[in-house]
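Source file: data.cif. Holds: mmCIF, C-alpha atoms.
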```cif
data_work
loop_
_atom_site.label_atom_id
_atom_site.label_comp_id
_atom_site.auth_asym_id
_atom_site.auth_seq_id
_atom_site.Cartn_x
_atom_site.Cartn_y
_atom_site.Cartn_z
CA MET A 4 87.30 -94.47 230.89
CA MET A 5 83.82 -93.15 230.30
CA GLN A 6 81.05 -95.68 229.96
CA PHE A 7 77.28 -95.65 229.71
CA ALA A 8 75.30 -96.42 232.85
CA GLU A 9 73.91 -99.92 233.26
CA HIS A 10 70.38 -99.32 232.01
CA VAL A 11 71.21 -96.88 229.25
CA GLN A 12 70.48 -97.82 225.65
CA VAL A 13 71.57 -95.75 222.66
CA ARG A 14 70.17 -96.11 219.15
CA PRO A 15 71.08 -94.18 216.00
CA GLU A 16 68.17 -92.42 214.29
CA LYS A 17 67.72 -90.33 211.14
CA PHE A 18 67.70 -87.15 213.22
CA GLY A 19 70.69 -88.18 215.36
CA SER A 20 70.20 -90.64 218.16
CA VAL A 21 67.87 -91.61 220.95
CA ILE A 22 69.02 -92.45 224.45
CA PHE A 23 66.69 -94.51 226.61
CA GLU A 24 67.46 -94.65 230.31
CA THR A 25 65.25 -97.62 231.01
CA LEU A 26 65.54 -97.67 234.79
CA CYS A 27 63.93 -94.24 235.19
CA GLU A 28 62.16 -94.64 231.82
CA LYS A 29 63.52 -91.34 230.53
CA VAL A 30 64.14 -90.68 226.87
CA PHE A 31 66.62 -88.18 225.44
CA VAL A 32 67.34 -87.27 221.84
CA THR A 33 70.38 -85.77 220.21
CA ASN A 34 71.12 -84.34 216.80
CA LYS A 35 73.64 -85.88 214.41
CA THR A 36 76.67 -84.33 216.07
CA GLY A 37 75.50 -85.63 219.43
CA ALA A 38 75.07 -89.04 217.81
CA GLU A 39 78.66 -88.90 216.59
CA ILE A 40 79.92 -88.13 220.09
CA LEU A 41 77.87 -91.02 221.47
CA ARG A 42 79.29 -93.34 218.82
CA LEU A 43 82.82 -92.40 219.83
CA LEU A 44 82.00 -92.77 223.53
CA LYS A 45 80.72 -96.28 222.79
CA GLN A 46 84.16 -97.00 221.34
CA HIS A 47 85.61 -95.93 224.71
CA LYS A 48 87.29 -92.85 223.24
CA THR A 49 88.38 -90.26 225.79
CA PRO A 50 87.00 -86.70 225.62
CA GLU A 51 90.35 -85.54 224.22
CA GLU A 52 90.26 -88.17 221.49
CA ILE A 53 86.65 -87.25 220.64
CA ILE A 54 87.54 -83.56 220.41
CA ALA A 55 90.47 -84.33 218.14
CA GLN A 56 88.38 -86.64 215.97
CA LEU A 57 85.55 -84.13 215.53
CA ALA A 58 87.95 -81.26 214.88
CA HIS A 59 89.41 -83.36 212.10
CA ASP A 60 86.03 -84.44 210.69
CA TYR A 61 84.49 -80.96 210.79
CA GLY A 62 87.66 -79.20 209.72
CA CYS A 63 87.76 -76.78 212.62
CA SER A 64 90.14 -76.04 215.44
CA ILE A 65 90.23 -78.05 218.65
CA ASP A 66 89.79 -74.91 220.74
CA LEU A 67 86.63 -74.04 218.85
CA ILE A 68 84.81 -77.26 219.65
CA ARG A 69 86.28 -78.20 223.03
CA ASN A 70 83.60 -76.40 225.05
CA ASP A 71 80.75 -77.94 223.08
CA VAL A 72 82.01 -81.49 223.45
CA GLU A 73 82.84 -81.08 227.12
CA GLU A 74 79.45 -79.53 227.80
CA PHE A 75 77.71 -82.39 226.02
CA ILE A 76 79.64 -84.99 228.02
CA THR A 77 78.98 -83.13 231.28
CA ASN A 78 75.31 -83.06 230.37
CA LEU A 79 75.32 -86.83 229.86
CA THR A 80 77.06 -87.29 233.21
CA ASN A 81 74.65 -84.96 235.02
CA HIS A 82 71.73 -87.00 233.73
CA ALA A 83 73.47 -90.14 235.03
CA LEU A 84 73.65 -91.54 231.50
CA LEU A 85 77.42 -91.69 231.46
CA LYS A 86 79.86 -92.45 234.23
CA ASN A 87 83.55 -92.58 234.74
CA ALA A 88 84.40 -96.26 235.17
CA HIS A 89 87.38 -95.46 237.41
CA LYS A 90 85.27 -93.62 239.95
CA MET B 21 81.37 -74.16 216.34
CA ILE B 22 79.62 -77.48 216.10
CA GLU B 23 76.02 -77.78 217.04
CA ASN B 24 75.13 -80.50 219.49
CA GLU B 25 72.33 -80.97 221.88
CA LEU B 26 70.88 -83.37 224.36
CA ARG B 27 67.20 -82.90 224.90
CA PRO B 28 65.26 -84.83 227.50
CA LEU B 29 61.74 -85.82 226.51
CA SER B 30 59.36 -86.08 229.43
CA ARG B 31 57.02 -88.16 227.29
CA LEU B 32 57.32 -89.27 223.74
CA GLY B 33 55.05 -86.61 222.43
CA GLY B 34 55.07 -82.88 222.67
CA THR B 35 55.94 -80.31 220.05
CA PRO B 36 55.89 -81.98 216.66
CA THR B 37 59.26 -81.21 215.12
CA PRO B 38 61.20 -83.61 212.91
CA LYS B 39 63.77 -84.26 215.64
CA GLY B 40 62.50 -87.19 217.62
CA ASN B 41 59.46 -85.63 219.23
CA ILE B 42 56.88 -87.62 217.32
CA PHE B 43 56.64 -91.36 216.84
CA SER B 44 57.06 -91.26 213.06
CA ASP B 45 60.56 -89.80 213.47
CA TYR B 46 61.75 -93.16 214.78
CA THR B 47 63.01 -96.06 212.70
CA ALA B 48 61.49 -98.62 215.09
CA PRO B 49 59.57 -98.70 218.35
CA LEU B 50 61.45 -97.82 221.52
CA PHE B 51 59.43 -100.15 223.67
CA ILE B 52 57.57 -103.42 223.27
CA ALA B 53 54.90 -104.45 225.76
CA TRP B 54 54.65 -108.18 225.21
CA GLN B 55 51.84 -110.21 226.68
CA LEU B 56 53.59 -113.54 226.31
CA ASN B 57 50.72 -115.79 227.35
CA ALA B 58 47.13 -115.67 228.56
CA GLU B 59 47.43 -118.46 231.09
CA CYS B 60 47.32 -117.38 234.70
CA ASN B 61 47.05 -119.22 238.00
CA LEU B 62 44.97 -116.43 239.54
CA GLU B 63 41.53 -115.04 238.71
CA CYS B 64 41.90 -111.40 239.66
CA LEU B 65 38.71 -109.38 239.63
CA HIS B 66 40.48 -106.42 238.03
CA CYS B 67 42.52 -108.18 235.32
CA CYS B 68 42.72 -105.97 232.23
CA GLU B 69 43.62 -108.91 230.01
CA GLU B 70 40.91 -111.23 231.37
CA ALA B 71 43.72 -113.74 231.77
CA GLY B 72 43.14 -117.32 232.88
CA HIS B 73 43.33 -119.96 230.22
CA GLN B 74 45.75 -120.29 227.36
CA MET B 75 44.68 -118.40 224.23
CA PRO B 76 44.15 -120.57 221.16
CA ASN B 77 46.95 -120.24 218.66
CA GLU B 78 49.57 -118.62 220.89
CA LEU B 79 52.99 -118.09 219.30
CA THR B 80 55.17 -121.19 219.09
CA HIS B 81 58.72 -121.45 220.42
CA ASP B 82 60.18 -120.79 216.96
CA GLU B 83 57.90 -117.81 216.36
CA ILE B 84 58.81 -116.36 219.76
CA MET B 85 62.52 -116.68 219.10
CA ASP B 86 62.12 -115.22 215.61
CA PHE B 87 60.36 -112.21 217.15
CA CYS B 88 63.19 -111.86 219.66
CA GLN B 89 65.70 -111.80 216.80
CA GLN B 90 63.68 -109.06 215.11
CA ILE B 91 63.68 -107.07 218.36
CA VAL B 92 67.46 -107.31 218.56
CA ARG B 93 67.98 -106.46 214.87
CA ALA B 94 65.71 -103.41 215.19
CA GLN B 95 67.70 -102.34 218.27
CA ILE B 96 64.60 -102.03 220.37
CA PRO B 97 66.00 -100.98 223.73
CA TYR B 98 63.32 -102.05 226.15
CA VAL B 99 60.80 -104.90 226.43
CA ALA B 100 58.22 -105.46 229.15
CA ILE B 101 57.08 -109.06 229.41
CA SER B 102 53.72 -109.79 230.99
CA GLY B 103 50.89 -112.26 230.56
CA GLY B 104 48.76 -113.90 231.90
CA GLU B 105 51.44 -114.98 234.26
CA PRO B 106 54.64 -114.99 232.16
CA LEU B 107 56.49 -117.38 234.46
CA LEU B 108 54.02 -120.08 233.45
CA HIS B 109 55.29 -119.90 229.88
CA PRO B 110 57.87 -122.63 229.10
CA ASP B 111 59.95 -120.26 226.95
CA PHE B 112 60.09 -117.40 229.41
CA PHE B 113 63.69 -117.88 230.49
CA THR B 114 64.91 -118.92 227.03
CA LEU B 115 63.67 -115.71 225.44
CA SER B 116 64.79 -113.61 228.41
CA GLU B 117 68.29 -115.05 228.22
CA PHE B 118 68.41 -114.34 224.49
CA LEU B 119 67.28 -110.74 224.89
CA ARG B 120 69.61 -110.06 227.81
CA ARG B 121 72.54 -111.61 225.93
CA ASN B 122 71.83 -109.01 223.27
CA LYS B 123 71.65 -106.18 225.83
CA VAL B 124 67.90 -105.54 225.61
CA SER B 125 66.51 -104.13 228.88
CA ILE B 126 63.72 -106.28 230.27
CA LYS B 127 61.03 -105.64 232.80
CA VAL B 128 58.82 -108.53 233.80
CA GLU B 129 55.36 -108.12 235.30
CA THR B 130 54.41 -111.06 237.48
CA ASN B 131 52.08 -112.05 240.29
CA GLY B 132 55.10 -113.49 242.08
CA THR B 133 53.59 -116.90 242.79
CA PHE B 134 56.35 -118.84 241.08
CA ILE B 135 59.30 -116.87 242.41
CA ASP B 136 61.32 -118.81 244.94
CA HIS B 137 64.94 -118.44 245.95
CA GLU B 138 66.21 -120.21 242.82
CA VAL B 139 64.05 -118.25 240.36
CA ALA B 140 65.04 -114.98 242.06
CA ARG B 141 68.70 -115.95 241.72
CA ARG B 142 68.15 -116.52 237.97
CA PHE B 143 66.60 -113.09 237.61
CA GLY B 144 69.56 -111.61 239.44
CA GLN B 145 72.05 -113.31 237.13
CA LEU B 146 70.23 -112.11 234.03
CA GLY B 147 70.31 -108.47 235.13
CA PHE B 148 66.70 -107.58 234.42
CA ARG B 149 65.87 -103.90 234.45
CA SER B 150 63.27 -104.84 237.03
CA VAL B 151 60.79 -107.41 238.20
CA GLN B 152 57.40 -105.87 238.97
CA VAL B 153 55.29 -107.81 241.44
CA SER B 154 51.59 -107.06 241.92
CA VAL B 155 50.88 -106.43 245.59
CA ASP B 156 47.33 -105.16 245.83
CA GLY B 157 47.01 -105.08 249.59
CA ALA B 158 48.77 -104.71 252.91
CA THR B 159 46.81 -107.62 254.32
CA PRO B 160 45.93 -111.10 253.08
CA GLN B 161 42.22 -110.23 253.40
CA SER B 162 42.13 -107.38 250.90
CA PHE B 163 44.75 -108.93 248.60
CA GLU B 164 43.06 -112.31 248.35
CA LYS B 165 39.61 -110.82 247.89
CA LEU B 166 40.83 -109.07 244.76
CA ARG B 167 43.37 -111.63 243.61
CA ARG B 168 41.24 -114.75 243.76
CA LYS B 169 43.41 -117.86 244.29
CA GLY B 170 46.25 -115.52 245.27
CA ASN B 171 48.36 -115.89 248.39
CA TRP B 172 49.53 -112.65 249.98
CA GLN B 173 52.30 -114.19 252.08
CA ARG B 174 53.73 -116.04 249.11
CA THR B 175 53.77 -112.81 247.11
CA ILE B 176 55.56 -110.94 249.88
CA ASP B 177 58.06 -113.81 250.12
CA ALA B 178 58.67 -113.49 246.37
CA CYS B 179 59.58 -109.82 246.89
CA LYS B 180 61.96 -110.81 249.69
CA TYR B 181 63.67 -113.44 247.51
CA LEU B 182 64.07 -110.94 244.68
CA VAL B 183 65.50 -108.21 246.88
CA ALA B 184 67.88 -110.70 248.49
CA ALA B 185 69.06 -111.77 245.03
CA GLY B 186 69.90 -108.16 244.16
CA VAL B 187 67.04 -107.80 241.68
CA ASN B 188 65.62 -104.35 241.08
CA THR B 189 62.17 -105.11 242.50
CA GLU B 190 59.08 -102.99 242.04
CA ILE B 191 55.59 -103.23 243.44
CA VAL B 192 52.48 -102.41 241.44
CA PHE B 193 49.31 -101.56 243.33
CA VAL B 194 45.87 -101.35 241.72
CA PRO B 195 43.41 -99.36 243.87
CA THR B 196 39.89 -100.69 244.30
CA LYS B 197 37.16 -100.35 246.91
CA PHE B 198 38.71 -103.36 248.69
CA ASN B 199 42.21 -102.03 249.18
CA ILE B 200 42.40 -98.31 248.56
CA HIS B 201 42.46 -97.60 252.29
CA GLU B 202 45.66 -99.68 252.55
CA THR B 203 47.63 -97.64 250.00
CA GLY B 204 49.89 -95.99 252.57
CA ASP B 205 50.46 -99.27 254.39
CA VAL B 206 51.53 -101.01 251.16
CA ILE B 207 54.02 -98.23 250.45
CA ASP B 208 55.45 -98.53 253.97
CA LEU B 209 55.63 -102.30 253.52
CA ALA B 210 57.41 -101.85 250.19
CA TYR B 211 60.02 -99.68 251.87
CA ARG B 212 60.57 -102.20 254.66
CA LEU B 213 61.04 -104.91 252.03
CA GLY B 214 63.75 -102.92 250.25
CA ILE B 215 61.71 -102.34 247.11
CA TYR B 216 63.13 -100.04 244.44
CA GLY B 217 59.87 -98.49 243.29
CA PHE B 218 56.15 -98.40 244.01
CA TYR B 219 53.80 -97.78 241.07
CA THR B 220 50.11 -97.06 241.00
CA GLY B 221 47.39 -95.08 239.26
CA LYS B 222 43.66 -95.18 238.76
CA THR B 223 42.21 -98.57 237.89
CA MET B 224 41.48 -98.97 234.19
CA GLN B 225 37.94 -99.86 233.16
CA ILE B 226 39.15 -102.60 230.87
CA GLY B 227 38.70 -106.36 230.71
CA ARG B 228 37.53 -108.04 233.89
CA ALA B 229 37.79 -104.72 235.73
CA ALA B 230 35.10 -103.34 233.39
CA GLN B 231 32.87 -106.34 234.11
CA ASN B 232 33.29 -105.83 237.87
CA TRP B 233 33.37 -102.05 237.75
CA ASP B 234 30.49 -101.47 240.17
CA ILE B 235 32.12 -103.47 242.94
CA LEU B 236 35.67 -102.33 242.23
CA CYS B 237 35.71 -98.68 241.30
CA PRO B 238 36.60 -96.40 244.22
CA SER B 239 34.51 -93.27 244.75
CA ASP B 240 35.77 -89.79 243.91
CA THR B 241 36.25 -89.15 247.63
CA GLU B 242 38.30 -92.32 248.00
CA TYR B 243 40.44 -91.34 245.02
CA GLU B 244 40.91 -87.86 246.47
CA GLN B 245 42.24 -89.38 249.69
CA PHE B 246 44.31 -91.89 247.68
CA PHE B 247 46.18 -89.14 245.84
CA LYS B 248 46.70 -87.23 249.10
CA VAL B 249 48.31 -90.29 250.65
CA LEU B 250 50.47 -90.82 247.57
CA SER B 251 51.66 -87.25 247.64
CA GLN B 252 52.57 -87.55 251.33
CA LYS B 253 54.34 -90.86 250.83
CA GLN B 254 56.21 -89.56 247.81
CA ALA B 255 57.61 -86.77 249.98
CA GLN B 256 58.28 -89.16 252.89
CA TYR B 257 60.33 -91.57 250.77
CA ASP B 258 62.00 -88.99 248.53
CA GLY B 259 65.53 -90.20 247.82
CA LYS B 260 64.88 -93.54 249.54
CA MET B 261 62.31 -95.30 247.36
CA LYS B 262 60.61 -94.27 244.14
CA VAL B 263 56.88 -93.67 244.69
CA TYR B 264 55.37 -93.13 241.27
CA TYR B 265 51.74 -92.54 240.48
CA TYR B 266 50.08 -91.67 237.24
CA PRO B 267 47.55 -88.94 237.99
CA ASP B 268 45.41 -89.27 234.86
CA ASP B 269 42.94 -91.96 234.02
CA VAL B 270 42.87 -93.99 230.84
CA ILE B 271 40.60 -91.49 229.07
CA GLU B 272 43.14 -88.72 229.59
CA GLU B 273 45.79 -91.06 228.24
CA LEU B 274 43.67 -91.72 225.13
CA LYS B 275 43.14 -88.00 224.53
CA TYR B 276 46.90 -87.52 224.63
CA ARG B 277 47.70 -90.55 222.49
CA LEU B 278 45.21 -89.51 219.83
CA GLU B 279 47.47 -86.52 219.21
CA TYR B 280 50.79 -88.11 220.14
CA PRO B 281 50.82 -91.88 219.75
CA SER B 282 53.47 -93.64 221.78
CA THR B 283 56.65 -95.09 220.29
CA SER B 284 55.70 -98.55 221.43
CA LEU B 285 53.88 -101.69 220.34
CA LEU B 286 51.65 -104.00 222.34
CA VAL B 287 51.95 -107.66 221.34
CA ILE B 288 49.35 -110.16 222.56
CA PRO B 289 49.96 -113.90 222.99
CA ASP B 290 48.87 -114.96 219.49
CA GLY B 291 51.28 -112.49 217.88
CA LYS B 292 48.68 -109.88 217.00
CA VAL B 293 49.75 -106.30 217.66
CA LYS B 294 47.33 -103.92 219.29
CA LEU B 295 47.29 -100.21 218.62
CA ILE B 296 47.03 -99.43 222.32
CA GLY B 297 45.66 -101.34 225.31
CA PRO B 298 42.33 -99.51 225.82
CA LEU B 299 41.29 -99.75 222.14
CA PRO B 300 40.22 -102.94 220.35
CA PHE B 301 42.22 -102.37 217.18
CA ILE B 302 44.79 -104.81 215.79
CA CYS B 303 47.30 -103.17 213.44
CA GLY B 304 49.63 -106.06 212.75
CA ASP B 305 50.30 -109.76 213.07
CA LEU B 306 53.73 -111.25 213.72
CA ARG B 307 52.70 -114.30 211.68
CA LYS B 308 51.99 -112.17 208.61
CA HIS B 309 54.20 -109.12 208.95
CA ARG B 310 57.79 -108.43 209.87
CA LEU B 311 58.38 -105.98 212.71
CA ALA B 312 59.45 -103.15 210.36
CA GLU B 313 56.20 -103.54 208.45
CA ILE B 314 54.16 -103.57 211.65
CA TRP B 315 55.83 -100.34 212.71
CA GLU B 316 54.67 -98.73 209.44
CA ARG B 317 51.17 -100.16 209.82
CA TYR B 318 51.00 -98.85 213.39
CA GLN B 319 51.79 -95.33 212.20
CA LYS B 320 49.21 -95.53 209.41
CA ALA B 321 46.59 -97.00 211.73
CA TRP B 322 46.60 -93.93 213.97
CA GLN B 323 45.64 -91.84 210.94
CA LEU B 324 42.62 -93.95 209.97
CA THR B 325 39.33 -92.06 210.17
CA HIS B 326 37.59 -95.04 211.74
CA VAL B 327 40.24 -95.34 214.47
CA ARG B 328 40.19 -91.65 215.29
CA ALA B 329 36.40 -91.51 215.33
CA PHE B 330 36.09 -94.55 217.60
CA THR B 331 38.78 -93.22 219.94
CA GLN B 332 36.85 -89.97 220.21
CA LYS B 333 33.71 -91.97 221.00
CA VAL B 334 35.54 -93.79 223.80
CA ILE B 335 36.79 -90.47 225.14
CA ASN B 336 33.18 -89.27 225.23
CA ASP B 337 31.78 -92.51 226.67
CA SER B 338 34.19 -94.50 228.84
CA ARG B 339 31.81 -97.49 228.88
CA LEU B 340 33.16 -98.30 225.41
CA LEU B 341 36.45 -99.28 227.07
CA ALA B 342 34.72 -102.59 227.69
CA GLU B 343 35.26 -103.26 223.94
CA SER B 344 39.05 -103.24 224.36
CA ASN B 345 39.44 -107.01 224.37
CA ARG B 346 36.99 -107.60 221.47
CA TRP B 347 39.68 -107.25 218.88
CA GLN B 348 39.08 -105.76 215.46
CA GLU B 349 41.66 -106.22 212.73
CA LEU B 350 42.24 -103.00 210.83
CA SER B 351 42.47 -102.90 207.07
CA ILE B 352 45.68 -100.99 206.37
CA ASN B 353 47.14 -100.41 202.90
#
```
Could you spell out this file's structure in structure tokens?
Amino acid sequence: MMQFAEHVQVRPEKFGSVIFETLCEKVFVTNKTGAEILRLLKQHKTPEEIIAQLAHDYGCSIDLIRNDVEEFITNLTNHALLKNAHK
Amino acid sequence: MIENELRPLSRLGGTPTPKGNIFSDYTAPLFIAWQLNAECNLECLHCCEEAGHQMPNELTHDEIMDFCQQIVRAQIPYVAISGGEPLLHPDFFTLSEFLRRNKVSIKVETNGTFIDHEVARRFGQLGFRSVQVSVDGATPQSFEKLRRKGNWQRTIDACKYLVAAGVNTEIVFVPTKFNIHETGDVIDLAYRLGIYGFYTGKTMQIGRAAQNWDILCPSDTEYEQFFKVLSQKQAQYDGKMKVYYYPDDVIEELKYRLEYPSTSLLVIPDGKVKLIGPLPFICGDLRKHRLAEIWERYQKAWQLTHVRAFTQKVINDSRLLAESNRWQELSIN
């Protein structure tokens, strides 16, 4: 299960969302699609479930959006904003 | 293909695009600096807030808790609580517990005097983002000269209690003529204590520091050496302890903020909201305005001709920083 790191705060905004990593005091912003992925991650959805959900919502194929979603999640992990709770 | 992006912002400023790079893009502040009280048990020569005695008309318990509820409703992610000495405030733990229960990150800035084993344990249980303790010297002599009525050993013990309780503990060091030569020693001490981060920067010519500027302010040569030491120590402790220093002085900060105001509010003990620490302007009042309204007033205040002109004057003449605690309420429509 993916979960946000201990000091990470996420807030929806008009432009998408803002992520505040308060321990290092770093701020990140996303657009609306990024915000949607964050919302689903907060609900403890797996990457596969998120891909399926977005493919449905945006009316496009799973293969078309898989890379984008996976890249976004990897990006979050690389910035230590998201972690795998089983690790 | 869907478009998504994750953009890190090094500071909340930068290129003004309608995508979260300027403060007016945000629905609420991202950070509240809250000076909870003015009372302090010490009489530090360099205190920016000129803390000591209680301020008349400080927020009541009910007003404090109402503000906390507004913070939670607005989803403000991060609050720094300072004073005075915040641990002297009777509501400190009540409000901290409320904010933590609602997942707000909290940093507390304290002189450490009132932190014993039990208090440290409480901090640990509450999961504060960090507790920042002011340690302005590697020796009791320099520390206690600057922090009148302070006790160096007690402050170091507070750090030990916090670290032992698993609290993310940070040390803040303010350089002055009295202690600047001990900078490296304080960083080494911090590492030995198991501190998470060491923070410093040039002393601000504000409050009591402005009044004592001639006896406090290090020379250019001393500052040059100071930054050399910091750079060395940062490399030495890379990956082991965070050594952070802000290279610019408060005037550089003002120049930047005039163009890119921060996404934060500064609340003083009576509930008034300052535009920014080094300026005297009040842009809101928790007793008169709700937080959402204050956020709008804050944005408007930065556009006022009077505010911009005075800020430019301060940038041109740093002696005007001495006005920062002579508050002026702004008329904002």
Please, what distance in Å, to one decimal, runs between CA of Thr325 in chain B and CA of Gly297 in chain B?
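CA of Gly297 in chain B lies at a distance of 18.9 Å from CA of Thr325 in chain B.
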Give the padded box for range 60-64 of chain B as AutoDock Vina command-line options: axis-aligned, covering all atoms listed in the file, 8 Å on each side, centre and edge lengths in Å to one decimal.
```
--center_x 44.4 --center_y -115.3 --center_z 237.2 --size_x 21.8 --size_y 23.8 --size_z 21.0
```
Local residues around (65.6, -121.7, 241.6), at most 12 Å away, using all atoms listed in the file, as an MDAnalysis selection string:
chainID B and resid 113 134:145 178 181:182 185
In terms of the shortest atom-to-atom distance over all atoms listed in the file, which of A:Leu67, A:Ile54, A:Leu84, A:Cys27 is closest to chain B?
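Selected residue with least distance to chain B: A:Leu67.
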Evaluate the PyMOL selection byres ((chain A) within 6 of (chain B)) here and jot the selected residues down as a PDB file with C-alpha atoms, keeping the file's coordinate frame.
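Everything below was put into expr39.pdb:
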```pdb
ATOM      1  CA  GLN A  12      70.480 -97.820 225.650  1.00  0.00           C
ATOM      2  CA  PHE A  18      67.700 -87.150 213.220  1.00  0.00           C
ATOM      3  CA  VAL A  30      64.140 -90.680 226.870  1.00  0.00           C
ATOM      4  CA  PHE A  31      66.620 -88.180 225.440  1.00  0.00           C
ATOM      5  CA  VAL A  32      67.340 -87.270 221.840  1.00  0.00           C
ATOM      6  CA  THR A  33      70.380 -85.770 220.210  1.00  0.00           C
ATOM      7  CA  THR A  36      76.670 -84.330 216.070  1.00  0.00           C
ATOM      8  CA  GLY A  37      75.500 -85.630 219.430  1.00  0.00           C
ATOM      9  CA  LEU A  67      86.630 -74.040 218.850  1.00  0.00           C
ATOM     10  CA  ILE A  68      84.810 -77.260 219.650  1.00  0.00           C
TER      11      ILE A  68
END
```
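CA of Gln256 in chain B is found 18.8 Å from CA of Ile200 in chain B.
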Point (70.1, -101.3, 235.1), cut-off 7 Å, counting only C-alpha atoms, residues as a list of chain:residue names:
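Result, sorted by chain then residue number: A:Glu9, A:His10, A:Leu26, B:Arg149.
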Applying the PyMOL selection byres ((chain A and resi 73) around 12) to the file I just gave you, which residues come out? Please list them as a compact mmCIF listing (two decimals) with C-alpha atoms, keeping the file's coordinate frame.
```txt
# COMPACT_ATOMS: atom_id res chain seq x y z
CA GLY A 37 75.50 -85.63 219.43
CA ILE A 40 79.92 -88.13 220.09
CA THR A 49 88.38 -90.26 225.79
CA PRO A 50 87.00 -86.70 225.62
CA GLU A 51 90.35 -85.54 224.22
CA GLU A 52 90.26 -88.17 221.49
CA ILE A 53 86.65 -87.25 220.64
CA ILE A 54 87.54 -83.56 220.41
CA ILE A 65 90.23 -78.05 218.65
CA ASP A 66 89.79 -74.91 220.74
CA LEU A 67 86.63 -74.04 218.85
CA ILE A 68 84.81 -77.26 219.65
CA ARG A 69 86.28 -78.20 223.03
CA ASN A 70 83.60 -76.40 225.05
CA ASP A 71 80.75 -77.94 223.08
CA VAL A 72 82.01 -81.49 223.45
CA GLU A 74 79.45 -79.53 227.80
CA PHE A 75 77.71 -82.39 226.02
CA ILE A 76 79.64 -84.99 228.02
CA THR A 77 78.98 -83.13 231.28
CA ASN A 78 75.31 -83.06 230.37
CA LEU A 79 75.32 -86.83 229.86
CA THR A 80 77.06 -87.29 233.21
CA ASN B 24 75.13 -80.50 219.49
CA GLU B 25 72.33 -80.97 221.88
```
Find the residues near Lys180 in chain B: any atom within 12 Å, counting all atoms listed in the file, skip ones fewer than 2 places away on the same chain, and give them as number ranges by chain.
B: 132, 135-137, 140-141, 153, 173-178, 182-191, 209-215
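Note that the spacing between CA of Tyr266 in chain B and CA of Val21 in chain A amounts to 24.1 Å.
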Run the PyMOL selection byres ((chain B and resi 62-73) around 10) mentally over the shown coordinates, then write out the matched residues as a PyMOL selection string, using the chain letters and numbers from the document.
chain B and resi 55+57-61+74-76+103-105+131+133+163-171+194-196+223-233+235-237+288+297-298+342+344-345
Got a sec: who's within 10 Å of range 239-247 of chain B, counting all atoms listed in the file, leaving out chain neighbours fewer than 4 positions off, as a tab-separated table (two decimals) with C-alpha atoms, in the coordinates of the input?
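The resulting file, part_11.tsv, is reproduced below:
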```tsv
chain	number	residue	atom	x	y	z
B	195	PRO	CA	43.41	-99.36	243.87
B	196	THR	CA	39.89	-100.69	244.30
B	197	LYS	CA	37.16	-100.35	246.91
B	200	ILE	CA	42.40	-98.31	248.56
B	201	HIS	CA	42.46	-97.60	252.29
B	202	GLU	CA	45.66	-99.68	252.55
B	203	THR	CA	47.63	-97.64	250.00
B	204	GLY	CA	49.89	-95.99	252.57
B	221	GLY	CA	47.39	-95.08	239.26
B	222	LYS	CA	43.66	-95.18	238.76
B	251	SER	CA	51.66	-87.25	247.64
B	252	GLN	CA	52.57	-87.55	251.33
B	253	LYS	CA	54.34	-90.86	250.83
B	265	TYR	CA	51.74	-92.54	240.48
B	266	TYR	CA	50.08	-91.67	237.24
B	267	PRO	CA	47.55	-88.94	237.99
```
Ranking B:Leu286, B:Leu274, B:Ala329, B:Leu56 by minimum distance to Glu78 in chain B and counting all atoms listed in the file, which one comes first?
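Nearest to Glu78 in chain B: B:Leu56.
The smallest atom-to-atom distance between Glu16 in chain A and any of A:Asn34, A:Ala88, A:Glu28, A:Met4, using all atoms listed in the file, is found for A:Asn34.
Among the candidates A:Ala58, A:Leu41, A:Met5, A:Ser64, the residue lying nearest to Ile22 in chain A is A:Leu41 (atoms considered: only C-alpha atoms).
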Across B:Tyr276, B:Tyr264, B:Phe87, B:Tyr219, the smallest distance to Lys308 in chain B, with all atoms listed in the file counted, is shown by B:Phe87
Go through B:Asp111, B:Trp322, B:Leu79, B:Arg93 and flag the residue nearest Tyr280 in chain B, using only C-alpha atoms for the distances.
B:Trp322
Write out as a ChimeraX atom specification which residues come within 8 Å of Phe7 in chain A when counting all atoms listed in the file, dropping same-chain ones fewer than 6 positions away.
/A:45,84-86
